[in-house]
Amino acid sequence: MSLVEARGLTKIFRRPEKDPGLRGSLKHLVQRRFKEFRAVDGIELSIEAGESVAYVGPNGAGKSTTIKLLTGILVPTAGTVRVAGAEPHTDRMVNARNIGVLFGQRTQLWWDLPVRESLALLRDMYDLSPAFYKQRLERLDEVLGLADLLPVVARKLSLGQRMRADLAAALLHQPKIVYLDEPTIGLDISVKDRVRQFLRELREDGTTLMLTTHDLGDIEDVCERIVIIDEGRKIFDGPLAQMKDRFARVRRMHLQLAEPTPAEKLAERLPDVEVIAGDSPTEVTVTFDRFTHTAGQIIAGVLDVVEVGELHLDEPAIEDVVRKVYAGELLR
Amino acid sequence: MKPYLGLLRMSTRRILTYRLNSLILWIGGATFLAGSLAVWHALLSEGAIGGYDWDQMKAYLLVGWATASIGSAYGDWWMASRIFDGHVATDLTKPLDYQWARFSEHMGGLATEFIAITIAATAIVTFTGGLVVPGPGQALLFAVSFLLVAPLKFTIAYITTMACFWTQNFMGVSWAKDAIVTLFSGALIPLALLPAWLAGPAAVLPFASITATPAALYLGQATGWEALRLLAVQAAWVLVLWWGARLIWRRALRALTVHGG
């Protein structure tokens, strides 16, 4: 059995439906209408121990709701969840010991007290021995530079510092599985790199990771597997490379031609690909499927018509795929 | 037990962090107490009202003020705000019983509350020429009853807080609760002085156990079996509300929506 198993996981929220303006608000007082909203709709998910999974989708796709169902915060409307054998929302306390959770937009530190105090409280919550606690703090200090943050009152931390301290808080008890909800949100490049480095080390230590993010760098740096959801439904689940094969097949070749050449003329020679004229008459862009054509074939075809000066090639990036998902192009 | 004691300590430290805020809170509270004493001093200058003379009323007002102070340093809004700002999500990922955890935090205010109550009692003794003190037997009954006020006030606040799961806001609920508790506990005026149509509900609601019961035991208005009956009623309310809160909590979790992030 997998470490995380979700079967037909569904969460329906009720949203009040109000007509616009004051009239609508007053009407809602007497005649309440609600609209059902499927935030998560029949998600099937299995995560094996040691996997690192990126959970991706546009805003409102149901990412955070899924995390909240997996962590036992929300009760599913339908379907089942098992995490390390426990049902999170009924065995909340058992489940809590197996998991570490970071909500990038919310802190779990005590806002008015030094970071050290929050960590000491977590030590008591998870019943960690003094020796283990010390060892964990040292380890977390190595990768997160924690020592400088310990005496600082949480509300005085910068966002990057706060995120490091929050990561330490989520990982102090060395959980089997770690859920990170937007762990790099709002961080600058250098802190982002540090956090990603830390997540890679965590993965190498054998921790199971599941992270939601809008930052594609997080995915390429940290995760091997990507799950894409939209409108509460899973639309892709597999290795990153496979996702690129399936959805990111398109390469673009930008060519600088020796003399002005109409795009149509090239298109005649290259029937299965798209040729678009560039900004100047000597520029064209050829868009082709990397499974049906090689770059060499394209160049050969163009050279039959005209000499080529410069060229460069855009490789498919997961940005493109995710952008398409966000634009709703992959769903239908 | 250890994590709950840890939470209690953290809560106390959090309250102590905002010393100035606490000080202002207590100055306001002291002003209210002084004002009530002045009003009743004037009212009682021509003789006892409803069986209360000036000495008894002083003691009554102090007990009323002390019971109202329990839980005030922690602040119900703190518990409520975690629900409507979504921090409840992180609380739910901890291996703690939610209700016991919040109770521990609530108790974190007791230290400062007891200091304030001691100062208020000393001030009354100093400036108004003494205070009625119960005999040892009544004092013991009063002490037990006063201890029960803490969990009783917690459960009422906790249940009120859970309204946030449905109302998404705490102001209205909180003000309504405070008004009802102040009226029906006897903190505003002794329940014996209420008209019959208000005294009726006051007698069957749990709020009388907050102020009227400890005051009756302190003043020796209830003795022997009657005193024990009042304590039993108080303890029963603590248990009923504690377990009732658990039932509501289970329903509330189903209503929980934490949007965004």
# chains A, B, ... in the order shown; residues from 1 in each chain; ligands from 1
>>> closest_atom_pairs(of="range 88-136 of chain B", to="range 141-153 of chain B", cutoff="9 Å", atoms="only C-alpha atoms", output="tab-separated table")
residue	atom	partner	partner_atom	distance
B:Phe103	CA	B:Pro151	CA	7.7
B:His106	CA	B:Ala150	CA	8.6
B:Met107	CA	B:Ala150	CA	7.5
B:Leu110	CA	B:Ala150	CA	8.5
B:Pro134	CA	B:Phe142	CA	8.7
B:Pro136	CA	B:Leu141	CA	8.7
>>> write_last_selection(atoms="all heavy atoms", output="PDB file, in the first residue's frame")
ATOM      1  N   PHE B 103      -8.022  25.312  25.971  1.00  0.00           N
ATOM      2  CA  PHE B 103      -8.237  25.480  27.416  1.00  0.00           C
ATOM      3  C   PHE B 103      -6.914  25.845  28.095  1.00  0.00           C
ATOM      4  O   PHE B 103      -6.866  26.743  28.938  1.00  0.00           O
ATOM      5  CB  PHE B 103      -8.822  24.200  28.012  1.00  0.00           C
ATOM      6  CG  PHE B 103      -9.087  24.289  29.492  1.00  0.00           C
ATOM      7  CD1 PHE B 103      -9.903  25.275  30.017  1.00  0.00           C
ATOM      8  CD2 PHE B 103      -8.514  23.370  30.373  1.00  0.00           C
ATOM      9  CE1 PHE B 103     -10.145  25.363  31.381  1.00  0.00           C
ATOM     10  CE2 PHE B 103      -8.759  23.449  31.741  1.00  0.00           C
ATOM     11  CZ  PHE B 103      -9.566  24.449  32.243  1.00  0.00           C
ATOM     12  N   HIS B 106      -6.142  29.365  27.464  1.00  0.00           N
ATOM     13  CA  HIS B 106      -7.074  30.182  28.252  1.00  0.00           C
ATOM     14  C   HIS B 106      -6.558  30.321  29.687  1.00  0.00           C
ATOM     15  O   HIS B 106      -6.569  31.407  30.263  1.00  0.00           O
ATOM     16  CB  HIS B 106      -8.440  29.487  28.220  1.00  0.00           C
ATOM     17  CG  HIS B 106      -9.576  30.317  28.713  1.00  0.00           C
ATOM     18  ND1 HIS B 106     -10.071  30.198  29.983  1.00  0.00           N
ATOM     19  CD2 HIS B 106     -10.318  31.270  28.106  1.00  0.00           C
ATOM     20  CE1 HIS B 106     -11.071  31.046  30.130  1.00  0.00           C
ATOM     21  NE2 HIS B 106     -11.240  31.704  29.006  1.00  0.00           N
ATOM     22  N   MET B 107      -6.082  29.199  30.232  1.00  0.00           N
ATOM     23  CA  MET B 107      -5.592  29.209  31.604  1.00  0.00           C
ATOM     24  C   MET B 107      -4.296  30.009  31.738  1.00  0.00           C
ATOM     25  O   MET B 107      -3.903  30.378  32.845  1.00  0.00           O
ATOM     26  CB  MET B 107      -5.341  27.769  32.098  1.00  0.00           C
ATOM     27  CG  MET B 107      -6.582  26.895  32.087  1.00  0.00           C
ATOM     28  SD  MET B 107      -7.898  27.551  33.116  1.00  0.00           S
ATOM     29  CE  MET B 107      -7.419  26.825  34.674  1.00  0.00           C
ATOM     30  N   LEU B 110      -4.507  33.178  33.712  1.00  0.00           N
ATOM     31  CA  LEU B 110      -4.845  33.186  35.143  1.00  0.00           C
ATOM     32  C   LEU B 110      -3.835  33.941  35.989  1.00  0.00           C
ATOM     33  O   LEU B 110      -4.212  34.658  36.916  1.00  0.00           O
ATOM     34  CB  LEU B 110      -4.977  31.751  35.662  1.00  0.00           C
ATOM     35  CG  LEU B 110      -6.295  31.043  35.340  1.00  0.00           C
ATOM     36  CD1 LEU B 110      -6.344  29.687  36.023  1.00  0.00           C
ATOM     37  CD2 LEU B 110      -7.480  31.892  35.801  1.00  0.00           C
ATOM     38  N   PRO B 134     -15.490  35.478  54.624  1.00  0.00           N
ATOM     39  CA  PRO B 134     -16.236  34.306  55.071  1.00  0.00           C
ATOM     40  C   PRO B 134     -15.440  33.479  56.080  1.00  0.00           C
ATOM     41  O   PRO B 134     -14.213  33.591  56.147  1.00  0.00           O
ATOM     42  CB  PRO B 134     -16.451  33.515  53.781  1.00  0.00           C
ATOM     43  CG  PRO B 134     -15.355  33.925  52.874  1.00  0.00           C
ATOM     44  CD  PRO B 134     -14.998  35.332  53.241  1.00  0.00           C
ATOM     45  N   PRO B 136     -13.945  29.806  57.614  1.00  0.00           N
ATOM     46  CA  PRO B 136     -13.126  28.828  56.876  1.00  0.00           C
ATOM     47  C   PRO B 136     -13.955  27.868  56.023  1.00  0.00           C
ATOM     48  O   PRO B 136     -13.583  27.578  54.885  1.00  0.00           O
ATOM     49  CB  PRO B 136     -12.365  28.083  57.973  1.00  0.00           C
ATOM     50  CG  PRO B 136     -12.992  28.476  59.264  1.00  0.00           C
ATOM     51  CD  PRO B 136     -13.663  29.799  59.056  1.00  0.00           C
TER      52      PRO B 136
END
>>> interface_residues(of="chain A", to="chain B", cutoff="10 Å", atoms="only C-alpha atoms", output="NGL selection string")
:A and (13-14 or 59-60 or 62-65 or 68 or 71-77 or 88-89 or 91-113 or 117-118 or 120-127 or 170 or 181-182 or 212)
>>> select_by_dssp(residues="range 67-245 of chain A", states="alpha helix (DSSP H)", output="VMD selection string")
chain A and resid 67 to 70 92 to 98 115 to 125 130 to 144 159 to 171 189 to 204 216 to 222 240 to 245
>>> atom_distance(atom1="CA of Leu230 in chain B", atom2="CA of Thr161 in chain B")
27.0 Å
>>> atom_distance(atom1="CA of Val321 in chain A", atom2="CA of Ala248 in chain A")
6.0 Å
>>> residues_around(residues="Tyr158 in chain B", least_positions_apart="6", cutoff="8 Å", atoms="only C-alpha atoms", output="number ranges by chain")
B: 76, 79, 245
>>> write_last_selection(atoms="N, CA, C and O atoms", output="mmCIF file, in the first residue's frame")
data_model
loop_
_atom_site.group_PDB
_atom_site.id
_atom_site.type_symbol
_atom_site.label_atom_id
_atom_site.label_comp_id
_atom_site.auth_asym_id
_atom_site.auth_seq_id
_atom_site.Cartn_x
_atom_site.Cartn_y
_atom_site.Cartn_z
ATOM 1 N N ASP B 76 -11.265 36.168 24.267
ATOM 2 C CA ASP B 76 -11.941 35.195 23.393
ATOM 3 C C ASP B 76 -11.598 35.430 21.922
ATOM 4 O O ASP B 76 -11.530 34.503 21.132
ATOM 5 N N MET B 79 -8.886 33.332 20.356
ATOM 6 C CA MET B 79 -9.293 31.987 19.957
ATOM 7 C C MET B 79 -10.117 32.076 18.662
ATOM 8 O O MET B 79 -9.952 31.287 17.742
ATOM 9 N N ALA B 245 -19.535 21.027 23.928
ATOM 10 C CA ALA B 245 -18.597 21.716 23.038
ATOM 11 C C ALA B 245 -17.948 20.714 22.091
ATOM 12 O O ALA B 245 -17.721 21.019 20.924
#
>>> atom_distance(atom1="CA of Val133 in chain B", atom2="CA of Phe32 in chain B")
22.5 Å
>>> closest_atom_pairs(of="range 179-212 of chain A", to="range 225-232 of chain A", cutoff="12 Å", atoms="only C-alpha atoms", output="Markdown table")
| residue | atom | partner | partner_atom | distance |
| --- | --- | --- | --- | --- |
| A:Thr208 | CA | A:Arg225 | CA | 11.8 |
| A:Leu209 | CA | A:Arg225 | CA | 10.4 |
| A:Met210 | CA | A:Arg225 | CA | 9.6 |
| A:Leu211 | CA | A:Ile226 | CA | 9.7 |
| A:Thr212 | CA | A:Val227 | CA | 9.5 |
>>> write_last_selection(atoms="N, CA, C and O atoms", output="PDB file, in the first residue's frame")
ATOM      1  N   THR A 208       9.263  11.908   2.111  1.00  0.00           N
ATOM      2  CA  THR A 208       8.277  12.036   1.043  1.00  0.00           C
ATOM      3  C   THR A 208       7.801  13.483   1.014  1.00  0.00           C
ATOM      4  O   THR A 208       7.461  14.047   2.052  1.00  0.00           O
ATOM      5  N   LEU A 209       7.790  14.059  -0.172  1.00  0.00           N
ATOM      6  CA  LEU A 209       7.442  15.480  -0.287  1.00  0.00           C
ATOM      7  C   LEU A 209       6.255  15.659  -1.208  1.00  0.00           C
ATOM      8  O   LEU A 209       6.166  15.021  -2.246  1.00  0.00           O
ATOM      9  N   MET A 210       5.375  16.545  -0.828  1.00  0.00           N
ATOM     10  CA  MET A 210       4.334  16.950  -1.761  1.00  0.00           C
ATOM     11  C   MET A 210       4.257  18.457  -1.673  1.00  0.00           C
ATOM     12  O   MET A 210       4.075  19.007  -0.597  1.00  0.00           O
ATOM     13  N   LEU A 211       4.469  19.120  -2.800  1.00  0.00           N
ATOM     14  CA  LEU A 211       4.410  20.568  -2.699  1.00  0.00           C
ATOM     15  C   LEU A 211       3.531  21.181  -3.768  1.00  0.00           C
ATOM     16  O   LEU A 211       3.497  20.731  -4.907  1.00  0.00           O
ATOM     17  N   THR A 212       2.792  22.191  -3.344  1.00  0.00           N
ATOM     18  CA  THR A 212       2.014  22.948  -4.310  1.00  0.00           C
ATOM     19  C   THR A 212       2.790  24.222  -4.563  1.00  0.00           C
ATOM     20  O   THR A 212       3.438  24.738  -3.668  1.00  0.00           O
TER      21      THR A 212
END
>>> residues_around(residues="His254 in chain A", least_positions_apart="2", cutoff="8 Å", atoms="only C-alpha atoms", output="list in words")
Arg252, Gln256, Glu283, Val284, Thr285, Val286, Leu311, His312 and Leu313 of chain A
>>> write_last_selection(atoms="N, CA, C and O atoms", output="PDB file, in the first residue's frame")
ATOM      1  N   ARG A 252      10.582  25.605 -31.113  1.00  0.00           N
ATOM      2  CA  ARG A 252      10.517  26.759 -32.001  1.00  0.00           C
ATOM      3  C   ARG A 252      11.906  27.074 -32.495  1.00  0.00           C
ATOM      4  O   ARG A 252      12.829  27.186 -31.705  1.00  0.00           O
ATOM      5  N   GLN A 256      17.477  33.507 -39.001  1.00  0.00           N
ATOM      6  CA  GLN A 256      17.854  34.768 -39.651  1.00  0.00           C
ATOM      7  C   GLN A 256      18.306  34.384 -41.065  1.00  0.00           C
ATOM      8  O   GLN A 256      19.287  33.671 -41.233  1.00  0.00           O
ATOM      9  N   GLU A 283      13.467  37.395 -41.344  1.00  0.00           N
ATOM     10  CA  GLU A 283      13.312  36.562 -40.137  1.00  0.00           C
ATOM     11  C   GLU A 283      12.082  35.672 -40.256  1.00  0.00           C
ATOM     12  O   GLU A 283      11.021  36.128 -40.688  1.00  0.00           O
ATOM     13  N   VAL A 284      12.229  34.401 -39.876  1.00  0.00           N
ATOM     14  CA  VAL A 284      11.052  33.517 -39.771  1.00  0.00           C
ATOM     15  C   VAL A 284      11.185  32.667 -38.511  1.00  0.00           C
ATOM     16  O   VAL A 284      12.285  32.450 -38.007  1.00  0.00           O
ATOM     17  N   THR A 285      10.019  32.212 -38.047  1.00  0.00           N
ATOM     18  CA  THR A 285       9.996  31.291 -36.909  1.00  0.00           C
ATOM     19  C   THR A 285       9.288  30.026 -37.360  1.00  0.00           C
ATOM     20  O   THR A 285       8.189  30.095 -37.913  1.00  0.00           O
ATOM     21  N   VAL A 286       9.943  28.906 -37.149  1.00  0.00           N
ATOM     22  CA  VAL A 286       9.353  27.619 -37.524  1.00  0.00           C
ATOM     23  C   VAL A 286       8.992  26.862 -36.249  1.00  0.00           C
ATOM     24  O   VAL A 286       9.827  26.673 -35.376  1.00  0.00           O
ATOM     25  N   LEU A 311      20.673  31.078 -36.245  1.00  0.00           N
ATOM     26  CA  LEU A 311      19.435  30.450 -35.789  1.00  0.00           C
ATOM     27  C   LEU A 311      19.523  30.165 -34.296  1.00  0.00           C
ATOM     28  O   LEU A 311      20.619  30.022 -33.753  1.00  0.00           O
ATOM     29  N   HIS A 312      18.385  30.149 -33.646  1.00  0.00           N
ATOM     30  CA  HIS A 312      18.372  29.582 -32.283  1.00  0.00           C
ATOM     31  C   HIS A 312      17.068  28.852 -32.036  1.00  0.00           C
ATOM     32  O   HIS A 312      16.058  29.064 -32.722  1.00  0.00           O
ATOM     33  N   LEU A 313      17.148  27.944 -31.050  1.00  0.00           N
ATOM     34  CA  LEU A 313      16.066  26.989 -30.839  1.00  0.00           C
ATOM     35  C   LEU A 313      15.482  27.162 -29.428  1.00  0.00           C
ATOM     36  O   LEU A 313      16.228  27.229 -28.461  1.00  0.00           O
TER      37      LEU A 313
END
>>> residues_around(residues="Arg194 in chain A", least_positions_apart="2", cutoff="12 Å", atoms="only C-alpha atoms", output="count of residues only")
26
>>> closest_residue(among="A:Leu29, A:Leu3, A:Val250, A:Ala131", to="Ser46 in chain A", atoms="only C-alpha atoms")
A:Leu3
>>> decode(residues="range 104-117 of chain A", atoms="C-alpha atoms", output="PDB file, in the first residue's frame")
ATOM      1  CA  GLY A 104       3.585  29.398   2.983  1.00  0.00           C
ATOM      2  CA  GLN A 105       1.003  32.099   3.588  1.00  0.00           C
ATOM      3  CA  ARG A 106       0.432  31.320   7.242  1.00  0.00           C
ATOM      4  CA  THR A 107       2.924  30.911   9.995  1.00  0.00           C
ATOM      5  CA  GLN A 108       2.776  28.351  12.746  1.00  0.00           C
ATOM      6  CA  LEU A 109       5.236  30.310  14.869  1.00  0.00           C
ATOM      7  CA  TRP A 110       4.039  32.163  17.941  1.00  0.00           C
ATOM      8  CA  TRP A 111       4.030  35.643  16.549  1.00  0.00           C
ATOM      9  CA  ASP A 112       4.878  37.478  19.774  1.00  0.00           C
ATOM     10  CA  LEU A 113       7.628  35.205  21.066  1.00  0.00           C
ATOM     11  CA  PRO A 114      11.155  34.245  20.017  1.00  0.00           C
ATOM     12  CA  VAL A 115      11.427  31.462  17.436  1.00  0.00           C
ATOM     13  CA  ARG A 116      13.217  29.286  19.987  1.00  0.00           C
ATOM     14  CA  GLU A 117      10.081  29.198  22.158  1.00  0.00           C
TER      15      GLU A 117
END
